[in-house]
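One structure is given here, and the rest of the page talks about it.
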Amino acid sequence: TARSLQRPYHIKGDEFERVYKDFLSGYRTWEELAHAEQWLVFPENVGPCVSIDETSLSRGELYTIVANKDGHAHQGTLIAIVKGTKVEDVVAAIKRIGLDRRKLVKEVTMDFSDSMSSIVEQCFPDAEMVIDRFHAQKLAYDAMQAERMKEKRKAVKAENKAKKAFKKRQQANMRRRKKGSKDPRGRKPARKNEAYKPERLSNGDTVVELLTRSRYLLMRPGSEWTESQKERARLLFELFPNIREAYSLAHSLRVRYNNKTDDIIIAGESIREWCRMARESGMDDFETVSDTIEDRFTDVLHYFNNRATNAFAESLNSKIKNFRAQVRGVVDTKFFLYRVSLIFG
């Protein structure tokens with residue numbers, strides 16, 4: 001930021017920032033200034049391998065970003081950045097690039113978004129759509145976590161019920177007890193202010209704590225668990241066999257994607273088998289994941305041609321957000337996009 005130069009160079013940071021914006025940067029004479037907030041396109045950056053994704057620049061406002069993977073998140077990376085995710089607006093902006101340039105694109109990685117699929121179909125007629133493997137895995141992990149949350153809600157409800165029953169018994173004991181300390185009837189009741197103590201498992205967790213603290217270990221393969229995580233997982237799977245099955249299903253999909261010896265035909269059979277297992281599990285969330293994958297099955301299988309992912313798009317989004325953090329947020333969207341275009345365009 002301009003203010004970061006204030007102390008070492010003995011200048012006024014705010015004044016230097018205004019001078020940079022108005023004179024030194026070339027922002028005021030930028031040819032794209034009039035429409036910069038709505039769309040920016042860079043036809044010269046089109047390449048054979050492209051990613052498309054959405055990101056938020058400021059106050060939750062979404063922008064669709066099309067990027068060239070060969071740019072490696074440096075200059076020459078951005079192909080288009082368009083305000084919003086409306087298909088018509090994004091298509092209109094990208095089509096400002098000539099058809100001959102757009103036909104150079106042979107592969108586009110994306111998530112499961114139908115709008116992104118429609119944009120690619122209309123803008124890149126010769127491109128093969130590839131569903132990112134990590135988005136498919138995320139659907140399975142989300143389904144697994146949904147099973148954990150279902151059991152957690154049940155456990156919280158049971159614990160609250162036990163607390164109310166304890167309090168009710170405590171109040172009844174206080175009413176039955178006569179005044180004076182020489183009452184011979186029955187055992188001495190608990191103190192009036194005695195707190196409810198839930199049952200604890202062998203590792204010291206309550207059932208609710210066990211379900212809460214298992215969130216992150218479920219996202220990792222068992223070979224990476226620590227000793228305490230192995231104990232927690234053992235208790236979790238003994239108490240909740242459905243979570244064990246959900247964990248097995250979620251990580252089974254990851255293993256199928258990681259098998260580098262499978263060609264597209266064998267991989268297709270493997271993914272179909274996983275979808276069948278997910279449907280037969282009886283868990284609604286996994287059935288939804290199975291339906292989602294089968295609906296875009298061809299695009300999912302395209303991953304196994306070149307094993308291309310959308311990790312590049314996520315990395316670019318992260319770099320843009322990091323730049324936004326360095327400049328302390330976006331005050332002037334057009335000026336921010338101008339600086340982004342200088343760095344990545």
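Residue numbering restarts at 1 in every chain; chains get A, B, ... in the order shown in the structure tokens, and ligands count up from 1 in that same order.
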Margin query: Could you list, as a list of chain:residue names, every residue within 9 Å of Asp14 in chain A, counting only C-alpha atoms and ignoring same-chain residues fewer than 4 positions away?
Written below: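 Once the nearby chain positions are removed, what remains is A:Ala2, A:Arg3, A:Gln6, A:Arg18, A:Val19.
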Discussion item. List the spatial neighbours of Val91 in chain A as a list in words - criterion: any atom at most 12 Å away, only C-alpha atoms, same-chain residues fewer than 5 positions off excluded.
Written reply: Trp39, Val41, Thr64, Ile65, Val66, Ala80, Ile81, Val82, Lys83, Gly84, Thr85, Lys86, Arg96, Ile97, Arg102, Ser115, Met116, Ser117, Ser118, Ile119, Val120, Glu121, Gln122, Cys123 and Phe124 of chain A
Using only C-alpha atoms, the shortest atom-to-atom distance to Asp291 in chain A among A:Ile243, A:Ala136, A:Ala308, A:Ala158 belongs to A:Ala136
Practice item. List every residue of range 58-226 of chain A that DSSP, applied to the backbone of this structure, assigns to strand (DSSP E), and report them as an MDAnalysis selection string. Key: chainID A and resid 58 61:68 78:83 107:110 128:131
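If you look at CA of Arg200 in chain A and CA of Glu147 in chain A, they are 22.0 Å away from each other.
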Could you name the residues that touch Val255 in chain A at 12 Å or less, counting only C-alpha atoms, but leaving out those on the same chain fewer than 6 positions away, as a ChimeraX atom specification?
/A:133,137,221,248-249,261-262,267,270-271,274
What parts of range 124-174 of chain A does DSSP call alpha helix (DSSP H)? I'd like the answer as a ChimeraX atom specification. /A:133-174
